[in-house]
Protein chains: 2
Amino acid sequence: MTQLQIARQGVVSPQMKLVAEKEGLDAEVVRQGIADGTIVIPANPGHRNLQPCGIGKGLSTKVNANVGTSSDFPSLENELEKVRVVMEYKSDAVMDLSTGGDINNIRRHIIEFCPLPLGTVPIYQAAIQAVERRGAIVNMTADDIFAAIEQQAEDGVDFMTVHCGVTQRSIEHLRQQARLTNVVSRGGAFLLGWILHNESENPLYDRYDRLLEIARRYDITLSLGDGMRPGSLSDATDRCQIQELLILGELVERAWNAGVQVMVEGPGHIPLDQVVTNVQLQKRVCRGAPFYVLGPLVTDVGAGYDHISAAIGGAVAAAAGADFLCYVTPSEHLSLPTPEEVKEGIIGARIAAHAADIVKGVKGAAEWDRRMSLARRNLDWDEQIRLSMDPAKGRRLHDRFAGKAGTCSMCGPYCAMALVEKYLGISLEKCPH
Amino acid sequence: MTQLQIARQGVVSPQMKLVAEKEGLDAEVVRQGIADGTIVIPANPGHRNLQPCGIGKGLSTKVNANVGTSSDFPSLENELEKVRVVMEYKSDAVMDLSTGGDINNIRRHIIEFCPLPLGTVPIYQAAIQAVERRGAIVNMTADDIFAAIEQQAEDGVDFMTVHCGVTQRSIEHLRQQARLTNVVSRGGAFLLGWILHNESENPLYDRYDRLLEIARRYDITLSLGDGMRPGSLSDATDRCQIQELLILGELVERAWNAGVQVMVEGPGHIPLDQVVTNVQLQKRVCRGAPFYVLGPLVTDVGAGYDHISAAIGGAVAAAAGADFLCYVTPSEHLSLPTPEEVKEGIIGARIAAHAADIVKGVKGAAEWDRRMSLARRNLDWDEQIRLSMDPAKGRRLHDRFAGKAGTCSMCGPYCAMALVEKYLGISLEKCPH
């Protein structure tokens with residue numbers, strides 16, 4: 001049975017119990033959220049070393065980091081090093097988006113190595129195998145797609161992006177929309193090419209019940225992909241994007257009816273003043289299903305620093321109710337990231353998630369800030385560094401120019417904290433915090 | 001005459017004309033904004049190589065970068081290298097916050113070298129000289145403070161932070177508030193110590209008319225400092241902070257009545273859901289005077305990455321009407337920044353300012369994004385790199401793993417842009433963008 005089916009029977013699974021403990025919530029709250037569809041726990045029983053993670057309403061905002069080879073750079077070792085960074089810097093989930101080398105082997109290594117929920121986009125494997133076996137992506141068959149999904153499910157993948165909303169109707173809206181950047185989703189582009197070439201409907205839409213049957217069997221959490229997401233601010237919140245969202249909303253209900261856990265993916269490139277609108281739309285149209293956003297990036301011009309553009313959009317989206325932030329690295333739009341850039345992407349997304357969790361009232365979120373500020377007031381550098389997201393960097397930045405008199409090199413003897421303590425005479429014992 | 005006095009006479013000054021040209025606005029719009037007090041042009045006639053910059057309503061959001069020695073690290077050369085970075089990465093203004101070495105000499109070098117509007121905090125100089133000449137900050141006299149202000153005005157400083165709102169009344173509110181982090185403003189801390197030790201009122205408040213007289217004589221734009229700004233989320237938007245803001249609002253009107261240009265400084269550390277509130281409060285209480293915010297940081301725990309916390313807060317603040325963003329570098333709370341960190345701080349603040357300018361409808365803002373996305377669609381890497389904020393980094397990231405077939409190493413032959421172009425058959429000639 002899936003976590004959704006278990007929750008509907010009123011039973012708290014071991015996974016629900018663990019998630020509730022991590023979040024500091026009553027297990028019944030988690031169970032009810034799963035039963036309602038507002039929380040998912042991606043947990044394929046085949047992922048044996050999984051540490052379960054809950055995503056959704058009332059839980060802390062989660063962060064995903066993408067890793068994966070490309071056909072030009074197929075090294076397994078590089079990607080495993082990134083997975084190590086993903087774990088060290090506390091991403092909540094990881095997606096393997098490999099498209100180069102022996103992708104079955106890479107995925108199996110990651111599953112074995114990493115206890116985080118693992119996501120994939122199985123259409124990548126189907127497309128690559130179609131090129132190898134049949135000469136072109138457009139020669140892929142529906143059976144090829146479902147075979148890739150089933151194989152990855154057997155391997156223990158916990159959640160899968162499926163671009164079920166890229167349909168003949170969506171493509172018609174795309175043509176009418178005359179976008180600046182038509183389709184920037186890789187899986188969306190594969191399916192668009194396939195649909196147009198074969199003059200057939202998307203098998204992931206047309207045969208959605210077959211997909212649901214596999215998802216239910218392995219308790220795969222479906223992540224309904226937004227193949228029509230805007231790839232530029234000019235295309236944000238347009239008819240084409242919203243048309244696909246309406247389709248996804250219907251597919252959410254069909255997943256629930258089939259006992260399958262489901263979340264919905266969102267953009268992408270969105271002007272700052274449309275971010276909240278996008279979250280509200282998804283929450284209404286998809287009846288509260290968890291929302292998994294990529295960024296969103298609030299400008300198109302941040303290449304080299306897109307982790308910052310994404311942190312802005314991600315913080316605002318999560319504060320408005322988005323549940324799951326896909327990180328963006330500084331190398332987005334330019335190249336595959338290095339392990340160092342993976343780290344920067346994770347920390348950017350974690351800052352965004354945490355800033356949102358403070359205003360969402362997530363248990364323990366504000367307490368972290370309170371402890372940091374108390375350490376700052378006490379000029380307790382060890383504690384400040386221990387509480388930071390990247391203690392090694394904190395240590396390096398502080399120590400390289402360590403100020404005299406216990407203060408930092410910014411202000412030295414003119415440290416406001418030290419001066420005020422002296423003149424105001426508020427001893428730490430009297431501090432109510 | 002000050003720009004404000006000129007504007008009130010209905011005259012467009014050369015500075016107003018230049019600002020209008022840079023912004024793509026009618027000069028009369030700029031003149032009216034200055035006359036109303038909603039725009040300032042910090043432009044001391046003594047700053048001979050100044051390229052004037054407008055700050056305020058209807059103009060693009062501006063960015064300030066702080067440089068300056070500390071007593072532990074007094075090197076002039078280091079700070080001039082930072083000023084070079086400030087200019088290269090297009091900060092709109094620079095503040096010299098030096099507290100170490102020969103600070104008169106450092107300031108004069110920066111003024112001579114840099115055509116950006118220069119800001120200072122003269123109380124630093126007064127305090128340091130008091131330590132040298134009188135043995136302690138608290139032995140500083142009111143004349144010492146005004147002498148430092150006048151000397152810096154003579155040197156050509158364009159805008160000055162003056163913590164006029166740190167008064168005996170503010171300190172009483174501070175005591176009652178029982179804050180987590182009492183006062184984190186250096187200038188605020190100096191004045192607090194002085195007021196308590198001398199049992200006297202803040203000379204910058206008590207003798208505000210004398211300050212106004214100097215500011216009018218040199219057309220110094222006053223930047224009313226927020227010595228009581230919250231230094232932690234716990235203290236945000238508290239009575240102590242808002243009490244000071246109320247005082248600053250009254251001082252704004254007195255500045256206007258004296259023909260002196262004025263802006264108001266704001267926090268600081270602010271939870272994401274209080275950022276808009278803070279901007280609205282300042283705009284109402286200070287009758288539309290330009291708002292200059294430090295960050296704001298939306299979490300206390302971002303040490304090592306505070307430029308990202310600040311970009312989140314800065315983007316939301318500017319979109320809500322903040323006019324001027326003071327950058328925060330990755331080394332905030334830890335040490336003096338290096339030139340590389342100055343660059344990162346500027347780019348973070350510029351991304352925030354630009355994301356806001358898009359939604360503010362600032363002329364030309366969205367066009368930059370449109371051109372970048374068109375270059376992306378065309379796989380025109382040279383143009384993408386040219387349009388980025390840090391072309392050298394863009395070039396390095398793209399070229400290190402350059403993909404085959406004109407695509408980047410992220411997707412290689414599976415590039416969505418390339419695939420969709422092929423299958424959808426929308427030629428660039430037909431693209432309406």
# chains A, B, ... in the order shown; residues from 1 in each chain; ligands from 1
$ residues_around --residues "Asn198 of chain A" --least-positions-apart "4" --cutoff "10 Å" --atoms "only C-alpha atoms" --output "PyMOL selection string"
chain A and resi 138-140+192-194+202
$ residues_around --residues "segment 316-328 of chain B" --least-positions-apart "4" --cutoff "6 Å" --atoms "only C-alpha atoms" --output "PyMOL selection string"
chain B and resi 56+61-65+275-276+290-294+307+345-346+349+356
$ residues_around --residues "Ser71 of chain A" --least-positions-apart "6" --cutoff "9 Å" --atoms "only C-alpha atoms" --output "count of residues only"
10
$ select_by_dssp --residues "segment 244-311 of chain B" --states "alpha helix (DSSP H)" --output "VMD selection string"
chain B and resid 244 to 257 275 to 285 306 to 311
$ write_last_selection --atoms "C-alpha atoms" --output "PDB file, in the first residue's frame"
ATOM      1  CA  GLU B 244      13.230  56.476  16.248  1.00  0.00           C
ATOM      2  CA  LEU B 245      11.489  56.466  12.866  1.00  0.00           C
ATOM      3  CA  LEU B 246       8.890  58.903  14.188  1.00  0.00           C
ATOM      4  CA  ILE B 247      11.682  61.257  15.260  1.00  0.00           C
ATOM      5  CA  LEU B 248      13.324  60.926  11.853  1.00  0.00           C
ATOM      6  CA  GLY B 249      10.036  61.789  10.158  1.00  0.00           C
ATOM      7  CA  GLU B 250       9.944  65.095  12.031  1.00  0.00           C
ATOM      8  CA  LEU B 251      13.575  65.777  11.141  1.00  0.00           C
ATOM      9  CA  VAL B 252      12.813  65.143   7.448  1.00  0.00           C
ATOM     10  CA  GLU B 253      10.344  68.002   7.491  1.00  0.00           C
ATOM     11  CA  ARG B 254      12.784  70.295   9.266  1.00  0.00           C
ATOM     12  CA  ALA B 255      15.418  69.481   6.635  1.00  0.00           C
ATOM     13  CA  TRP B 256      12.990  70.315   3.843  1.00  0.00           C
ATOM     14  CA  ASN B 257      12.041  73.546   5.553  1.00  0.00           C
ATOM     15  CA  VAL B 275       9.613  43.993   4.974  1.00  0.00           C
ATOM     16  CA  VAL B 276       6.727  45.590   3.082  1.00  0.00           C
ATOM     17  CA  THR B 277       5.307  46.897   6.375  1.00  0.00           C
ATOM     18  CA  ASN B 278       8.600  48.641   7.094  1.00  0.00           C
ATOM     19  CA  VAL B 279       8.685  50.311   3.682  1.00  0.00           C
ATOM     20  CA  GLN B 280       5.089  51.496   3.948  1.00  0.00           C
ATOM     21  CA  LEU B 281       5.701  52.827   7.455  1.00  0.00           C
ATOM     22  CA  GLN B 282       8.766  54.806   6.379  1.00  0.00           C
ATOM     23  CA  LYS B 283       7.019  56.184   3.314  1.00  0.00           C
ATOM     24  CA  ARG B 284       4.033  57.392   5.337  1.00  0.00           C
ATOM     25  CA  VAL B 285       5.881  58.633   8.421  1.00  0.00           C
ATOM     26  CA  ASP B 306      24.503  37.324   3.973  1.00  0.00           C
ATOM     27  CA  HIS B 307      24.608  38.830   0.480  1.00  0.00           C
ATOM     28  CA  ILE B 308      21.896  36.266  -0.361  1.00  0.00           C
ATOM     29  CA  SER B 309      19.793  37.012   2.744  1.00  0.00           C
ATOM     30  CA  ALA B 310      20.131  40.698   1.836  1.00  0.00           C
ATOM     31  CA  ALA B 311      19.175  40.149  -1.811  1.00  0.00           C
TER      32      ALA B 311
END
$ atom_distance --atom1 "atom CA of Thr167 of chain B" --atom2 "atom CA of Asn378 of chain A"
25.1 Å
$ select_by_dssp --residues "segment 43-181 of chain B" --states "strand (DSSP E)" --output "ChimeraX atom specification"
/B:55-56,62-67,93-96,118-120,159-162
$ write_last_selection --atoms "N, CA, C and O atoms" --output "PDB file, in the first residue's frame"
ATOM      1  N   ILE B  55      18.298  59.465  -6.622  1.00  0.00           N
ATOM      2  CA  ILE B  55      17.768  58.401  -5.766  1.00  0.00           C
ATOM      3  C   ILE B  55      16.356  58.778  -5.369  1.00  0.00           C
ATOM      4  O   ILE B  55      16.157  59.852  -4.787  1.00  0.00           O
ATOM      5  N   GLY B  56      15.387  57.918  -5.684  1.00  0.00           N
ATOM      6  CA  GLY B  56      14.044  58.210  -5.203  1.00  0.00           C
ATOM      7  C   GLY B  56      12.949  57.710  -6.121  1.00  0.00           C
ATOM      8  O   GLY B  56      13.183  56.923  -7.038  1.00  0.00           O
ATOM      9  N   LYS B  62      18.721  52.235  -6.661  1.00  0.00           N
ATOM     10  CA  LYS B  62      20.172  52.397  -6.627  1.00  0.00           C
ATOM     11  C   LYS B  62      20.815  51.484  -5.578  1.00  0.00           C
ATOM     12  O   LYS B  62      20.156  51.076  -4.603  1.00  0.00           O
ATOM     13  N   VAL B  63      22.102  51.233  -5.803  1.00  0.00           N
ATOM     14  CA  VAL B  63      22.872  50.335  -4.934  1.00  0.00           C
ATOM     15  C   VAL B  63      24.067  51.091  -4.364  1.00  0.00           C
ATOM     16  O   VAL B  63      24.751  51.815  -5.098  1.00  0.00           O
ATOM     17  N   ASN B  64      24.311  50.924  -3.081  1.00  0.00           N
ATOM     18  CA  ASN B  64      25.509  51.482  -2.441  1.00  0.00           C
ATOM     19  C   ASN B  64      26.422  50.365  -1.960  1.00  0.00           C
ATOM     20  O   ASN B  64      25.959  49.354  -1.426  1.00  0.00           O
ATOM     21  N   ALA B  65      27.730  50.583  -2.129  1.00  0.00           N
ATOM     22  CA  ALA B  65      28.735  49.646  -1.603  1.00  0.00           C
ATOM     23  C   ALA B  65      29.570  50.371  -0.559  1.00  0.00           C
ATOM     24  O   ALA B  65      30.017  51.498  -0.781  1.00  0.00           O
ATOM     25  N   ASN B  66      29.768  49.728   0.575  1.00  0.00           N
ATOM     26  CA  ASN B  66      30.615  50.281   1.625  1.00  0.00           C
ATOM     27  C   ASN B  66      32.048  49.800   1.458  1.00  0.00           C
ATOM     28  O   ASN B  66      32.286  48.622   1.206  1.00  0.00           O
ATOM     29  N   VAL B  67      32.987  50.718   1.636  1.00  0.00           N
ATOM     30  CA  VAL B  67      34.395  50.339   1.742  1.00  0.00           C
ATOM     31  C   VAL B  67      34.921  51.024   2.998  1.00  0.00           C
ATOM     32  O   VAL B  67      34.207  51.780   3.657  1.00  0.00           O
ATOM     33  N   ALA B  93      26.728  54.104  -5.879  1.00  0.00           N
ATOM     34  CA  ALA B  93      27.285  55.016  -4.875  1.00  0.00           C
ATOM     35  C   ALA B  93      28.256  54.220  -4.022  1.00  0.00           C
ATOM     36  O   ALA B  93      28.278  52.982  -4.066  1.00  0.00           O
ATOM     37  N   VAL B  94      29.060  54.937  -3.262  1.00  0.00           N
ATOM     38  CA  VAL B  94      30.021  54.273  -2.387  1.00  0.00           C
ATOM     39  C   VAL B  94      30.067  55.040  -1.068  1.00  0.00           C
ATOM     40  O   VAL B  94      29.938  56.271  -1.047  1.00  0.00           O
ATOM     41  N   MET B  95      30.172  54.313   0.010  1.00  0.00           N
ATOM     42  CA  MET B  95      30.386  54.961   1.306  1.00  0.00           C
ATOM     43  C   MET B  95      31.757  54.554   1.836  1.00  0.00           C
ATOM     44  O   MET B  95      32.138  53.385   1.777  1.00  0.00           O
ATOM     45  N   ASP B  96      32.480  55.549   2.349  1.00  0.00           N
ATOM     46  CA  ASP B  96      33.772  55.294   3.000  1.00  0.00           C
ATOM     47  C   ASP B  96      33.530  55.269   4.503  1.00  0.00           C
ATOM     48  O   ASP B  96      33.263  56.304   5.118  1.00  0.00           O
ATOM     49  N   LEU B 118      29.737  60.008  -2.986  1.00  0.00           N
ATOM     50  CA  LEU B 118      30.421  59.439  -1.831  1.00  0.00           C
ATOM     51  C   LEU B 118      29.687  59.792  -0.540  1.00  0.00           C
ATOM     52  O   LEU B 118      29.384  60.957  -0.293  1.00  0.00           O
ATOM     53  N   GLY B 119      29.459  58.755   0.244  1.00  0.00           N
ATOM     54  CA  GLY B 119      28.856  58.964   1.552  1.00  0.00           C
ATOM     55  C   GLY B 119      29.843  58.645   2.659  1.00  0.00           C
ATOM     56  O   GLY B 119      30.791  57.888   2.468  1.00  0.00           O
ATOM     57  N   THR B 120      29.603  59.237   3.840  1.00  0.00           N
ATOM     58  CA  THR B 120      30.431  58.954   5.019  1.00  0.00           C
ATOM     59  C   THR B 120      29.535  58.949   6.265  1.00  0.00           C
ATOM     60  O   THR B 120      28.349  59.317   6.200  1.00  0.00           O
ATOM     61  N   PHE B 159      26.978  62.723   0.606  1.00  0.00           N
ATOM     62  CA  PHE B 159      25.897  62.428   1.571  1.00  0.00           C
ATOM     63  C   PHE B 159      26.488  61.881   2.853  1.00  0.00           C
ATOM     64  O   PHE B 159      27.554  61.274   2.846  1.00  0.00           O
ATOM     65  N   MET B 160      25.829  62.158   3.957  1.00  0.00           N
ATOM     66  CA  MET B 160      26.348  61.793   5.280  1.00  0.00           C
ATOM     67  C   MET B 160      25.267  61.134   6.110  1.00  0.00           C
ATOM     68  O   MET B 160      24.160  61.668   6.225  1.00  0.00           O
ATOM     69  N   THR B 161      25.652  60.028   6.718  1.00  0.00           N
ATOM     70  CA  THR B 161      24.773  59.392   7.693  1.00  0.00           C
ATOM     71  C   THR B 161      24.922  60.113   9.026  1.00  0.00           C
ATOM     72  O   THR B 161      26.045  60.234   9.544  1.00  0.00           O
ATOM     73  N   VAL B 162      23.800  60.576   9.545  1.00  0.00           N
ATOM     74  CA  VAL B 162      23.800  61.255  10.847  1.00  0.00           C
ATOM     75  C   VAL B 162      22.723  60.613  11.705  1.00  0.00           C
ATOM     76  O   VAL B 162      21.557  60.552  11.318  1.00  0.00           O
TER      77      VAL B 162
END
